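Below: one structure, written as structure tokens.
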Amino acid sequence: MITARNKVRKNSSRSKCGATLLEFAAALSLFFCCLFVPLIDIAFIPVRYLLAYNNLDTVVHHMSLFEKRSQALQFLHADLSWKKQLESCGVTVKNVKASLIVCDPAGSSKLTLAEGAKVPSRLLPSAVKSAGVGCTYALELSTTVDIPPLFDSHVGLPGFSKAIEFKISSRAQWENLSPDPYTTGDSKSVQYYINE
């Protein structure tokens, strides 16, 4: 025989389970709003950084394959498709600089040349070959990028609601060290593609 006391016990046990479910729902909404969504927001920064670094690495490698240095610089500043690719991912590119770095084999001396500067005659491939020293020539691309999180409001805490500024540089060996065949008639006026 079921008494009134047993009925009260059954009803009270049911109400406890319902209360636990409501507490869990509140905790779950706090988890999503305060932990999960901010983590997803922050997780976009390293992904966009890797995309930007990979894109700039591809650009500097493509530049190092040109015949003349002026053609490589023209590709960097005139053909802005690489910049548009980064902007479509949310990355803003600022202050793009390309420089040529000349190093001796021991690494004891390094000369950094700006975009318009020419390689001195003592460091040209013919001069270093005659001296028995082989220099390495590398093209370096350095830039500043703004990488925002997923939800970018341009104000607030950097990384959570505002973009973070990064400086990225990438290097590739300059491939064409040959002289211009149209200037090889006179040994004193030989021009190298690296200076053209």
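Residue numbers start at 1 in each chain; chains themselves are named A, B, ... in the order of the structure tokens; ligands are numbered from 1 in the order shown.
Summary of the local environment: counting only C-alpha atoms, residues at most 6 Å from Asp41 in chain A, other than itself and those fewer than 2 positions away along its chain, are A:Pro38, A:Leu39, A:Ala43, A:Phe44, A:Pro149, A:Leu150.
When the distance limit is 8 Å and only C-alpha atoms are what count, the residues near Pro125 in chain A, minus those fewer than 6 positions from it on the same chain, are Gly134, Cys135, Leu177 and Ser178 of chain A.
The residue that comes closest to Cys89 in chain A, out of A:Leu28, A:Glu140, A:Ala52, A:Leu35 and on the basis of only C-alpha atoms, is A:Ala52.
The space separating CA of Ile101 in chain A from CA of Gln85 in chain A comes to 27.2 Å.
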